[in-house]
$ cat coords.pdb   # PDB, C-alpha atoms and all ligand atoms
ATOM      1  CA  MET A   1      86.334  98.738  88.327
ATOM      2  CA  ARG A   2      88.357 100.956  90.694
ATOM      3  CA  ILE A   3      88.984  99.291  94.037
ATOM      4  CA  LEU A   4      90.130 100.737  97.374
ATOM      5  CA  ARG A   5      90.729  99.046 100.703
ATOM      6  CA  VAL A   6      89.100 101.008 103.506
ATOM      7  CA  ARG A   7      88.182 100.989 107.175
ATOM      8  CA  TYR A   8      84.608 101.935 108.084
ATOM      9  CA  ARG A   9      82.821 101.315 111.383
ATOM     10  CA  ASP A  10      85.716  99.127 112.592
ATOM     11  CA  TYR A  11      85.548  96.899 109.528
ATOM     12  CA  ASP A  12      88.337  96.604 106.944
ATOM     13  CA  PHE A  13      87.209  95.681 103.444
ATOM     14  CA  TYR A  14      87.664  96.157  99.732
ATOM     15  CA  ALA A  15      85.180  98.503  98.066
ATOM     16  CA  ALA A  16      84.492  99.704  94.541
ATOM     17  CA  LEU A  17      84.811 103.429  93.923
ATOM     18  CA  GLY A  18      81.825 104.916  92.069
ATOM     19  CA  VAL A  19      82.169 106.736  88.761
ATOM     20  CA  GLY A  20      80.594 109.937  87.444
ATOM     21  CA  GLU A  21      78.009 111.342  89.842
ATOM     22  CA  ARG A  22      78.813 108.531  92.295
ATOM     23  CA  GLU A  23      82.574 109.122  92.474
ATOM     24  CA  ASN A  24      82.287 109.897  96.197
ATOM     25  CA  GLU A  25      80.586 106.617  97.019
ATOM     26  CA  LEU A  26      81.977 103.214  97.881
ATOM     27  CA  THR A  27      80.244  99.891  97.309
ATOM     28  CA  CYS A  28      81.344  97.046  99.592
ATOM     29  CA  LEU A  29      82.696  94.038  97.726
ATOM     30  CA  GLN A  30      81.967  91.692 100.594
ATOM     31  CA  SER A  31      79.117  91.235 103.052
ATOM     32  CA  ILE A  32      79.597  93.527 106.094
ATOM     33  CA  PRO A  33      77.131  93.342 109.021
ATOM     34  CA  GLY A  34      74.960  96.456 109.215
ATOM     35  CA  ILE A  35      76.135  97.929 105.899
ATOM     36  CA  SER A  36      73.668  97.466 103.075
ATOM     37  CA  GLY A  37      74.027 100.551 100.884
ATOM     38  CA  PRO A  38      76.816 102.752  99.527
ATOM     39  CA  VAL A  39      79.378 104.177 101.978
ATOM     40  CA  PRO A  40      80.327 107.873 101.638
ATOM     41  CA  LEU A  41      84.001 108.061 100.654
ATOM     42  CA  GLU A  42      84.754 110.849 103.143
ATOM     43  CA  GLU A  43      83.513 108.721 106.060
ATOM     44  CA  ALA A  44      85.886 105.850 105.257
ATOM     45  CA  THR A  45      89.603 105.704 106.073
ATOM     46  CA  ARG A  46      91.836 104.613 103.234
ATOM     47  CA  LEU A  47      94.061 101.636 104.026
ATOM     48  CA  PRO A  48      97.078 100.352 102.092
ATOM     49  CA  LEU A  49      95.744  98.747  98.907
ATOM     50  CA  VAL A  50      97.497  95.487  99.672
ATOM     51  CA  THR A  51      99.576  93.842 102.396
ATOM     52  CA  PRO A  52     101.837  91.738 100.177
ATOM     53  CA  SER A  53     104.098  88.915 101.278
ATOM     54  CA  LYS A  54     106.578  90.267  98.699
ATOM     55  CA  ILE A  55     107.073  92.888  96.009
ATOM     56  CA  ILE A  56     108.849  91.542  92.943
ATOM     57  CA  CYS A  57     110.466  94.153  90.691
ATOM     58  CA  VAL A  58     111.463  93.425  87.107
ATOM     59  CA  GLY A  59     114.541  95.229  85.818
ATOM     60  CA  LEU A  60     115.415  96.215  82.249
ATOM     61  CA  ASN A  61     112.024  95.374  80.722
ATOM     62  CA  PHE A  62     112.162  98.310  78.280
ATOM     63  CA  ARG A  63     114.903  98.464  75.630
ATOM     64  CA  ASP A  64     115.263 102.244  75.803
ATOM     65  CA  HIS A  65     115.790 102.187  79.596
ATOM     66  CA  ALA A  66     118.481  99.487  79.323
ATOM     67  CA  ALA A  67     120.169 101.654  76.683
ATOM     68  CA  GLU A  68     120.138 104.774  78.887
ATOM     69  CA  LEU A  69     121.839 102.785  81.672
ATOM     70  CA  SER A  70     124.278 101.212  79.144
ATOM     71  CA  MET A  71     123.124  97.786  80.333
ATOM     72  CA  PRO A  72     122.746  94.716  78.063
ATOM     73  CA  LEU A  73     119.242  93.229  77.918
ATOM     74  CA  PRO A  74     118.943  90.129  80.104
ATOM     75  CA  GLU A  75     118.364  86.789  78.350
ATOM     76  CA  ARG A  76     115.433  86.048  80.670
ATOM     77  CA  PRO A  77     113.452  88.400  82.943
ATOM     78  CA  ALA A  78     115.690  89.852  85.666
ATOM     79  CA  PHE A  79     114.035  90.576  88.978
ATOM     80  CA  PHE A  80     114.723  91.524  92.587
ATOM     81  CA  LEU A  81     112.616  92.016  95.721
ATOM     82  CA  LYS A  82     111.562  95.119  97.605
ATOM     83  CA  PRO A  83     110.402  94.711 101.211
ATOM     84  CA  PRO A  84     106.687  95.323 101.925
ATOM     85  CA  SER A  85     107.847  97.984 104.433
ATOM     86  CA  ALA A  86     108.751 100.159 101.416
ATOM     87  CA  LEU A  87     105.064 100.617 100.492
ATOM     88  CA  VAL A  88     103.324 103.981 100.768
ATOM     89  CA  GLY A  89     100.007 105.056  99.317
ATOM     90  CA  ASP A  90      98.722 107.970  97.263
ATOM     91  CA  GLY A  91      99.517 111.272  98.993
ATOM     92  CA  GLU A  92     102.104 109.864 101.403
ATOM     93  CA  ALA A  93     105.649 111.251 101.384
ATOM     94  CA  ILE A  94     108.717 109.687  99.797
ATOM     95  CA  ILE A  95     111.468 110.193 102.386
ATOM     96  CA  LEU A  96     114.987 110.840 101.051
ATOM     97  CA  PRO A  97     117.775 109.365 103.222
ATOM     98  CA  ARG A  98     120.326 112.155 103.743
ATOM     99  CA  HIS A  99     123.403 109.981 103.198
ATOM    100  CA  ALA A 100     122.299 108.222  99.993
ATOM    101  CA  GLY A 101     123.121 110.709  97.221
ATOM    102  CA  ARG A 102     120.948 110.807  94.113
ATOM    103  CA  ILE A 103     117.479 109.236  94.460
ATOM    104  CA  ASP A 104     115.571 108.517  91.212
ATOM    105  CA  TYR A 105     111.931 108.009  90.242
ATOM    106  CA  GLU A 106     110.957 105.063  88.007
ATOM    107  CA  ALA A 107     107.356 105.022  86.732
ATOM    108  CA  GLU A 108     106.070 101.454  86.494
ATOM    109  CA  LEU A 109     102.911  99.428  85.962
ATOM    110  CA  ALA A 110     102.127  97.350  89.067
ATOM    111  CA  VAL A 111     100.352  93.998  88.807
ATOM    112  CA  ILE A 112      98.415  92.851  91.893
ATOM    113  CA  ILE A 113      97.986  89.099  92.386
ATOM    114  CA  SER A 114      94.550  87.685  93.285
ATOM    115  CA  LYS A 115      94.691  83.908  93.466
ATOM    116  CA  GLY A 116      98.126  82.655  94.419
ATOM    117  CA  GLY A 117      99.958  79.821  92.775
ATOM    118  CA  ARG A 118     103.187  78.139  91.703
ATOM    119  CA  ARG A 119     104.163  77.267  88.121
ATOM    120  CA  ILE A 120     101.232  79.194  86.670
ATOM    121  CA  PRO A 121     100.930  78.470  82.913
ATOM    122  CA  LEU A 122     100.974  81.515  80.663
ATOM    123  CA  ASP A 123      97.454  80.851  79.385
ATOM    124  CA  ARG A 124      96.103  80.869  82.972
ATOM    125  CA  ALA A 125      98.155  83.802  84.297
ATOM    126  CA  GLY A 126      95.400  86.355  83.641
ATOM    127  CA  ALA A 127      93.112  84.546  86.099
ATOM    128  CA  HIS A 128      95.686  85.187  88.855
ATOM    129  CA  ILE A 129      95.727  88.957  88.335
ATOM    130  CA  PHE A 130      93.474  91.020  90.632
ATOM    131  CA  GLY A 131      94.247  94.303  88.919
ATOM    132  CA  TYR A 132      96.725  97.022  88.049
ATOM    133  CA  ALA A 133      98.014 100.238  89.617
ATOM    134  CA  CYS A 134     100.617 102.956  89.192
ATOM    135  CA  ALA A 135     103.873 102.435  91.060
ATOM    136  CA  ASN A 136     107.162 104.256  91.589
ATOM    137  CA  ASP A 137     110.257 102.056  91.909
ATOM    138  CA  VAL A 138     112.214 104.695  93.848
ATOM    139  CA  THR A 139     115.937 103.961  93.591
ATOM    140  CA  ALA A 140     119.054 105.273  95.351
ATOM    141  CA  ARG A 141     120.982 105.533  92.068
ATOM    142  CA  ASP A 142     124.403 106.426  93.462
ATOM    143  CA  GLU A 143     124.251 103.506  95.877
ATOM    144  CA  GLN A 144     123.047 101.186  93.112
ATOM    145  CA  LYS A 145     126.111 101.973  90.998
ATOM    146  CA  GLY A 146     128.441 101.096  93.854
ATOM    147  CA  GLU A 147     126.884  97.786  94.871
ATOM    148  CA  LEU A 148     126.284  94.348  93.382
ATOM    149  CA  MET A 149     122.946  93.750  95.166
ATOM    150  CA  PHE A 150     119.801  95.891  95.150
ATOM    151  CA  GLY A 151     118.553  95.352  98.715
ATOM    152  CA  ARG A 152     119.834  98.707  99.931
ATOM    153  CA  CYS A 153     119.266 100.994  96.967
ATOM    154  CA  LYS A 154     115.696  99.771  96.358
ATOM    155  CA  GLY A 155     114.678  98.864  99.890
ATOM    156  CA  TYR A 156     114.385 102.037 101.956
ATOM    157  CA  ASP A 157     111.072 102.769 103.679
ATOM    158  CA  THR A 158     108.743 104.761 101.349
ATOM    159  CA  PHE A 159     110.595 103.616  98.177
ATOM    160  CA  CYS A 160     107.491 101.876  96.767
ATOM    161  CA  PRO A 161     104.553 104.279  96.279
ATOM    162  CA  LEU A 162     101.505 102.371  94.951
ATOM    163  CA  GLY A 163      98.067 103.685  93.950
ATOM    164  CA  PRO A 164      95.822 105.576  93.721
ATOM    165  CA  TRP A 165      93.530 102.512  93.461
ATOM    166  CA  ILE A 166      93.484  99.023  91.948
ATOM    167  CA  GLU A 167      91.926  99.001  88.475
ATOM    168  CA  THR A 168      90.618  95.556  87.578
ATOM    169  CA  GLU A 169      90.547  96.241  83.834
ATOM    170  CA  MET A 170      93.838  95.759  82.023
ATOM    171  CA  PRO A 171      95.148  99.041  80.583
ATOM    172  CA  SER A 172      95.396  99.420  76.814
ATOM    173  CA  PRO A 173      98.724  98.269  75.324
ATOM    174  CA  ASP A 174      99.049 101.768  73.878
ATOM    175  CA  ALA A 175      98.605 103.385  77.311
ATOM    176  CA  PHE A 176     101.283 105.892  78.265
ATOM    177  CA  VAL A 177     103.275 105.587  81.472
ATOM    178  CA  ARG A 178     104.860 108.806  82.647
ATOM    179  CA  THR A 179     106.482 110.668  85.495
ATOM    180  CA  VAL A 180     105.481 114.279  86.093
ATOM    181  CA  ILE A 181     107.592 116.370  88.497
ATOM    182  CA  ASN A 182     106.087 119.652  89.699
ATOM    183  CA  GLY A 183     103.765 119.642  86.678
ATOM    184  CA  GLU A 184     106.489 118.903  84.078
ATOM    185  CA  ILE A 185     106.655 115.593  82.171
ATOM    186  CA  ARG A 186     110.092 114.053  82.804
ATOM    187  CA  GLN A 187     109.600 110.431  81.700
ATOM    188  CA  GLU A 188     107.224 108.920  79.172
ATOM    189  CA  GLY A 189     106.846 105.559  77.489
ATOM    190  CA  ARG A 190     104.155 103.169  76.330
ATOM    191  CA  LEU A 191     103.190  99.847  77.851
ATOM    192  CA  CYS A 192     103.418  98.204  74.400
ATOM    193  CA  ASP A 193     107.207  98.738  74.499
ATOM    194  CA  MET A 194     107.498  96.363  77.456
ATOM    195  CA  ILE A 195     109.633  93.357  76.474
ATOM    196  CA  VAL A 196     107.937  90.732  78.692
ATOM    197  CA  SER A 197     104.170  91.145  79.234
ATOM    198  CA  PRO A 198     102.536  91.209  82.687
ATOM    199  CA  ALA A 199     100.979  87.756  82.147
ATOM    200  CA  ALA A 200     104.308  86.304  81.041
ATOM    201  CA  LEU A 201     105.976  87.820  84.126
ATOM    202  CA  VAL A 202     103.383  86.200  86.424
ATOM    203  CA  SER A 203     104.061  82.852  84.773
ATOM    204  CA  HIS A 204     107.835  83.277  84.804
ATOM    205  CA  ILE A 205     108.147  84.501  88.412
ATOM    206  CA  SER A 206     105.857  81.713  89.639
ATOM    207  CA  GLU A 207     108.350  79.213  88.225
ATOM    208  CA  VAL A 208     110.648  80.413  91.000
ATOM    209  CA  MET A 209     108.417  81.333  93.941
ATOM    210  CA  THR A 210     104.833  80.816  95.073
ATOM    211  CA  LEU A 211     102.817  83.944  94.426
ATOM    212  CA  GLU A 212     100.410  84.845  97.228
ATOM    213  CA  PRO A 213      97.202  86.911  97.114
ATOM    214  CA  GLY A 214      98.108  90.606  97.346
ATOM    215  CA  ASP A 215     101.661  90.161  96.074
ATOM    216  CA  VAL A 216     102.828  92.963  93.786
ATOM    217  CA  ILE A 217     104.911  92.777  90.605
ATOM    218  CA  LEU A 218     106.496  95.982  89.274
ATOM    219  CA  THR A 219     107.015  95.488  85.556
ATOM    220  CA  GLY A 220     109.939  97.775  84.720
ATOM    221  CA  THR A 221     110.394 101.392  83.712
ATOM    222  CA  PRO A 222     110.855 103.113  80.324
ATOM    223  CA  ARG A 223     113.599 105.598  79.389
ATOM    224  CA  GLY A 224     113.857 108.914  81.182
ATOM    225  CA  VAL A 225     114.641 108.130  84.818
ATOM    226  CA  GLY A 226     115.927 111.081  86.794
ATOM    227  CA  PRO A 227     116.409 112.541  90.266
ATOM    228  CA  LEU A 228     113.901 113.481  92.952
ATOM    229  CA  ARG A 229     114.523 116.474  95.197
ATOM    230  CA  ALA A 230     113.046 117.453  98.549
ATOM    231  CA  GLY A 231     110.048 119.710  97.951
ATOM    232  CA  ASP A 232     109.106 117.996  94.666
ATOM    233  CA  GLU A 233     105.649 116.660  93.941
ATOM    234  CA  VAL A 234     106.035 113.504  91.851
ATOM    235  CA  ARG A 235     103.128 112.066  89.895
ATOM    236  CA  ILE A 236     103.098 108.660  88.220
ATOM    237  CA  GLU A 237     100.418 108.543  85.525
ATOM    238  CA  ILE A 238      99.322 105.510  83.533
ATOM    239  CA  GLU A 239      96.499 105.983  81.055
ATOM    240  CA  GLY A 240      93.372 104.341  82.491
ATOM    241  CA  LEU A 241      94.851 103.826  85.960
ATOM    242  CA  GLY A 242      94.675 107.342  87.401
ATOM    243  CA  THR A 243      97.442 109.378  89.004
ATOM    244  CA  LEU A 244      99.653 108.439  91.960
ATOM    245  CA  THR A 245     100.885 111.610  93.691
ATOM    246  CA  ASN A 246     103.566 111.785  96.382
ATOM    247  CA  PRO A 247     105.432 114.700  97.971
ATOM    248  CA  VAL A 248     109.191 114.292  98.448
ATOM    249  CA  GLU A 249     110.817 115.166 101.774
ATOM    250  CA  TRP A 250     114.202 114.921 103.447
ATOM    251  CA  GLU A 251     114.554 112.452 106.253
ATOM    252  CA  ALA A 252     114.482 114.264 109.614
ATOM    253  CA  GLU A 253     117.897 115.663 110.654
ATOM    254  CA  THR A 254     117.972 113.411 113.678
ATOM    255  CA  ALA A 255     115.887 110.391 112.752
ATOM    256  CA  SER A 256     114.577 108.948 115.986
ATOM    257  CA  PRO A 257     114.688 105.222 116.692
ATOM    258  CA  ASN A 258     111.399 103.443 116.205
ATOM    259  CA  ALA A 259     112.226 100.108 117.696
ATOM    260  CA  ASP A 260     109.744  99.650 120.528
TER     261      ASP A 260
HETATM  262 MG    MG B 301     112.467  99.613  88.208
END
$ encode --input "coords.pdb" --output "structure tokens"
Amino acid sequence: MRILRVRYRDYDFYAALGVGERENELTCLQSIPGISGPVPLEEATRLPLVTPSKIICVGLNFRDHAAELSMPLPERPAFFLKPPSALVGDGEAIILPRHAGRIDYEAELAVIISKGGRRIPLDRAGAHIFGYACANDVTARDEQKGELMFGRCKGYDTFCPLGPWIETEMPSPDAFVRTVINGEIRQEGRLCDMIVSPAALVSHISEVMTLEPGDVILTGTPRGVGPLRAGDEVRIEIEGLGTLTNPVEWEAETASPNAD
């Protein structure tokens, strides 16, 4: 099932996107007063898919990506956090900070948490997963190389595109994950080459921190990362999960304060 979060008639709710002839219809997944039938997609406003308490990103979860960065594989899953303020949805722009040097794309499978929990056993981890989506772990690569911590290079606003919807069915292990820039494939791998599975990551991360409903785990990127440039259209495609498309733009010359 493909799930969107939408606003319609002043109500915010999750809805299932129709398929085939009904691809322009939404079916409410909860009881909304006065809404009994399908909602036309064009009459609803898309909202961010989730409002997570945290976004946990796993690094070096594909052997070929660790090799291209000349990094040794970690002995246990390595992860860091991105702020929820980095999230943007399908169609929204990735904004390049002018001072940051090279900015890279990283195509990744996102796992969305349903029921929260701490110390979730591996054999119960699947029951805590709401669904899956395409994500882009946008990274200021030059800054990353010069710093010990990842808060800056991974944390800029717009550095976590997520979408285009939440798919509740787990993608096939053979599914491809790829980055397409301006129509050209630049990065491609297969989910089966992931070292630590999504369920094992849920279990492992919950040994450290309580996972909350709506939290997002990015599961690592395969080989082939490369730079984004202003004017690009970047697409993250995962077989079975649709296509996440984002334009790339420079930050405004004189970025205005937004501190009111
Ligand atoms: Mg990454």
$ atom_distance --input "coords.pdb" --atom1 "CA of Val111 in chain A" --atom2 "CA of Glu167 in chain A"
9.8 Å
$ residues_near_ligand --input "coords.pdb" --ligand "ligand MG 301 (chain B)" --cutoff "6 Å" --atoms "only C-alpha atoms and all ligand atoms" --output "CSV table (one decimal) with C-alpha atoms, in the frame of the given file"
chain,number,residue,atom,x,y,z
A,59,GLY,CA,114.5,95.2,85.8
A,106,GLU,CA,111.0,105.1,88.0
A,137,ASP,CA,110.3,102.1,91.9
A,220,GLY,CA,109.9,97.8,84.7
A,221,THR,CA,110.4,101.4,83.7
$ atom_distance --input "coords.pdb" --atom1 "CA of Lys145 in chain A" --atom2 "CA of Val248 in chain A"
22.2 Å
$ closest_residue --input "coords.pdb" --among "A:Val225, A:Val39, A:Ala110, A:Ile238" --to "Glu25 in chain A" --atoms "all atoms listed in the file"
A:Val39
$ residues_around --input "coords.pdb" --residues "range 123-136 of chain A" --least-positions-apart "2" --cutoff "7 Å" --atoms "all atoms listed in the file" --output "ChimeraX atom specification"
/A:105-116,120-121,138,160-163,165-170,199,202-203,236-238,241,244
$ resolve_selection --input "coords.pdb" --expression "the PyMOL selection byres (((chain A and resi 119) around 9) and not hetatm)" --output "list in words"
Gly117, Arg118, Ile120, Pro121, Ser203, His204, Ile205, Ser206, Glu207, Val208, Met209 and Thr210 of chain A
$ closest_residue --input "coords.pdb" --among "A:Gly18, A:Arg9, A:Leu29, A:Pro74" --to "Thr45 in chain A" --atoms "only C-alpha atoms"
A:Arg9
$ atom_distance --input "coords.pdb" --atom1 "CA of Glu43 in chain A" --atom2 "CA of Gly20 in chain A"
18.9 Å
$ residues_around --input "coords.pdb" --residues "Ile32 in chain A" --least-positions-apart "2" --cutoff "12 Å" --atoms "all atoms listed in the file" --output "JSON, numbers by chain"
{"A": [7, 8, 9, 10, 11, 12, 13, 14, 15, 27, 28, 29, 30, 34, 35, 36, 37, 38, 39]}
$ closest_residue --input "coords.pdb" --among "A:Pro84, A:Pro52, A:Gly155, A:Gly146" --to "Pro97 in chain A" --atoms "only C-alpha atoms"
A:Gly155
$ closest_residue --input "coords.pdb" --among "A:Ile56, A:Ala66, A:Arg5, A:Ser172" --to "Phe150 in chain A" --atoms "all atoms listed in the file"
A:Ile56
$ closest_residue --input "coords.pdb" --among "A:Pro33, A:Lys82, A:Ala200, A:Pro77" --to "Phe62 in chain A" --atoms "only C-alpha atoms"
A:Pro77
$ closest_residue --input "coords.pdb" --among "A:Thr243, A:Asn258, A:Asn61, A:Thr139" --to "Arg178 in chain A" --atoms "all atoms listed in the file"
A:Thr243
$ residues_near_point --input "coords.pdb" --point "(116.3, 112.7, 106.6)" --cutoff "9 Å" --atoms "all atoms listed in the file" --output "list in words"
Ile95, Leu96, Pro97, Arg98, His99, Glu249, Trp250, Glu251, Ala252, Glu253, Thr254 and Ala255 of chain A
$ resolve_selection --input "coords.pdb" --expression "the PyMOL selection byres (((chain A and resi 140) around 7) and not hetatm)" --output "ChimeraX atom specification"
/A:100,102-104,139,141-144,153-154
$ residues_around --input "coords.pdb" --residues "range 69-72 of chain A" --least-positions-apart "5" --cutoff "10 Å" --atoms "only C-alpha atoms" --output "VMD selection string"
chain A and resid 60 63 to 64 223 225
$ axis_aligned_box --input "coords.pdb" --around "range 212-221 of chain A" --padding-each-side "4 Å" --output "lines of an AutoDock Vina configuration file"
center_x = 103.8
center_y = 93.1
center_z = 90.5
size_x = 21.2
size_y = 24.5
size_z = 21.6
$ resolve_selection --input "coords.pdb" --expression "the PyMOL selection byres (((chain A and resi 17) around 6) and not hetatm)" --output "list in words"
Arg2, Ile3, Ala16, Gly18 and Leu26 of chain A
$ decode --input "coords.pdb" --residues "range 170-260 of chain A" --atoms "C-alpha atoms" --output "JSON list (two decimals), in the first residue's frame"
[["chain", "number", "residue", "atom", "x", "y", "z"],
["A", 170, "MET", "CA", 9.01, -4.46, 1.96],
["A", 171, "PRO", "CA", 10.92, -4.10, -1.32],
["A", 172, "SER", "CA", 12.45, -7.20, -2.90],
["A", 173, "PRO", "CA", 16.01, -7.96, -1.75],
["A", 174, "ASP", "CA", 17.00, -7.82, -5.41],
["A", 175, "ALA", "CA", 15.52, -4.33, -5.83],
["A", 176, "PHE", "CA", 17.85, -1.76, -7.35],
["A", 177, "VAL", "CA", 18.62, 1.53, -5.64],
["A", 178, "ARG", "CA", 19.90, 4.23, -7.94],
["A", 179, "THR", "CA", 20.56, 7.91, -8.42],
["A", 180, "VAL", "CA", 19.62, 9.50, -11.74],
["A", 181, "ILE", "CA", 20.91, 13.02, -12.49],
["A", 182, "ASN", "CA", 19.28, 14.87, -15.38],
["A", 183, "GLY", "CA", 18.12, 11.53, -16.80],
["A", 184, "GLU", "CA", 21.52, 9.77, -16.51],
["A", 185, "ILE", "CA", 22.13, 6.89, -14.06],
["A", 186, "ARG", "CA", 25.05, 7.88, -11.82],
["A", 187, "GLN", "CA", 24.76, 5.41, -8.92],
["A", 188, "GLU", "CA", 23.30, 1.92, -8.80],
["A", 189, "GLY", "CA", 23.32, -0.94, -6.32],
["A", 190, "ARG", "CA", 21.05, -3.64, -4.98],
["A", 191, "LEU", "CA", 19.44, -3.84, -1.56],
["A", 192, "CYS", "CA", 20.73, -7.42, -1.17],
["A", 193, "ASP", "CA", 24.28, -6.02, -0.95],
["A", 194, "MET", "CA", 23.42, -4.23, 2.29],
["A", 195, "ILE", "CA", 25.59, -5.59, 5.12],
["A", 196, "VAL", "CA", 23.10, -5.13, 7.99],
["A", 197, "SER", "CA", 19.40, -5.60, 7.12],
["A", 198, "PRO", "CA", 16.70, -3.03, 7.94],
["A", 199, "ALA", "CA", 15.22, -5.26, 10.67],
["A", 200, "ALA", "CA", 18.64, -5.80, 12.23],
["A", 201, "LEU", "CA", 19.25, -2.02, 12.16],
["A", 202, "VAL", "CA", 15.95, -1.38, 13.98],
["A", 203, "SER", "CA", 16.95, -3.89, 16.64],
["A", 204, "HIS", "CA", 20.51, -2.59, 16.92],
["A", 205, "ILE", "CA", 19.65, 1.13, 17.06],
["A", 206, "SER", "CA", 16.93, 0.49, 19.65],
["A", 207, "GLU", "CA", 19.60, -0.96, 21.92],
["A", 208, "VAL", "CA", 20.89, 2.61, 22.15],
["A", 209, "MET", "CA", 17.85, 4.88, 21.90],
["A", 210, "THR", "CA", 14.08, 4.63, 22.12],
["A", 211, "LEU", "CA", 12.58, 4.64, 18.65],
["A", 212, "GLU", "CA", 9.42, 6.74, 18.34],
["A", 213, "PRO", "CA", 6.56, 6.47, 15.82],
["A", 214, "GLY", "CA", 7.55, 8.33, 12.64],
["A", 215, "ASP", "CA", 11.29, 8.09, 13.25],
["A", 216, "VAL", "CA", 13.32, 7.47, 10.10],
["A", 217, "ILE", "CA", 16.34, 5.22, 9.57],
["A", 218, "LEU", "CA", 18.46, 5.72, 6.44],
["A", 219, "THR", "CA", 20.18, 2.42, 5.74],
["A", 220, "GLY", "CA", 23.34, 3.40, 3.86],
["A", 221, "THR", "CA", 24.31, 4.01, 0.25],
["A", 222, "PRO", "CA", 25.99, 1.81, -2.40],
["A", 223, "ARG", "CA", 29.02, 2.73, -4.52],
["A", 224, "GLY", "CA", 28.85, 5.63, -6.94],
["A", 225, "VAL", "CA", 28.31, 8.76, -4.85],
["A", 226, "GLY", "CA", 29.02, 11.99, -6.69],
["A", 227, "PRO", "CA", 28.38, 15.73, -6.79],
["A", 228, "LEU", "CA", 25.17, 17.70, -7.20],
["A", 229, "ARG", "CA", 25.16, 20.99, -9.10],
["A", 230, "ALA", "CA", 22.70, 23.87, -9.14],
["A", 231, "GLY", "CA", 20.21, 23.31, -11.96],
["A", 232, "ASP", "CA", 20.34, 19.50, -11.65],
["A", 233, "GLU", "CA", 17.26, 17.34, -11.27],
["A", 234, "VAL", "CA", 18.15, 14.44, -8.98],
["A", 235, "ARG", "CA", 16.00, 11.32, -8.83],
["A", 236, "ILE", "CA", 16.35, 8.56, -6.24],
["A", 237, "GLU", "CA", 14.73, 5.36, -7.52],
["A", 238, "ILE", "CA", 14.21, 2.15, -5.58],
["A", 239, "GLU", "CA", 12.42, -0.68, -7.35],
["A", 240, "GLY", "CA", 8.90, -0.96, -5.90],
["A", 241, "LEU", "CA", 9.09, 2.33, -3.99],
["A", 242, "GLY", "CA", 8.64, 4.87, -6.79],
["A", 243, "THR", "CA", 10.81, 7.86, -7.65],
["A", 244, "LEU", "CA", 11.83, 10.75, -5.39],
["A", 245, "THR", "CA", 12.59, 13.83, -7.52],
["A", 246, "ASN", "CA", 14.20, 17.05, -6.31],
["A", 247, "PRO", "CA", 15.58, 20.09, -8.14],
["A", 248, "VAL", "CA", 18.93, 21.46, -6.93],
["A", 249, "GLU", "CA", 19.38, 25.19, -6.34],
["A", 250, "TRP", "CA", 21.98, 27.56, -4.95],
["A", 251, "GLU", "CA", 21.22, 29.20, -1.66],
["A", 252, "ALA", "CA", 20.12, 32.81, -2.22],
["A", 253, "GLU", "CA", 23.06, 35.26, -2.56],
["A", 254, "THR", "CA", 21.98, 37.09, 0.56],
["A", 255, "ALA", "CA", 20.16, 34.53, 2.67],
["A", 256, "SER", "CA", 17.75, 36.44, 4.86],
["A", 257, "PRO", "CA", 17.41, 35.70, 8.56],
["A", 258, "ASN", "CA", 14.38, 33.63, 9.46],
["A", 259, "ALA", "CA", 14.46, 33.93, 13.20],
["A", 260, "ASP", "CA", 11.15, 35.52, 14.13]]
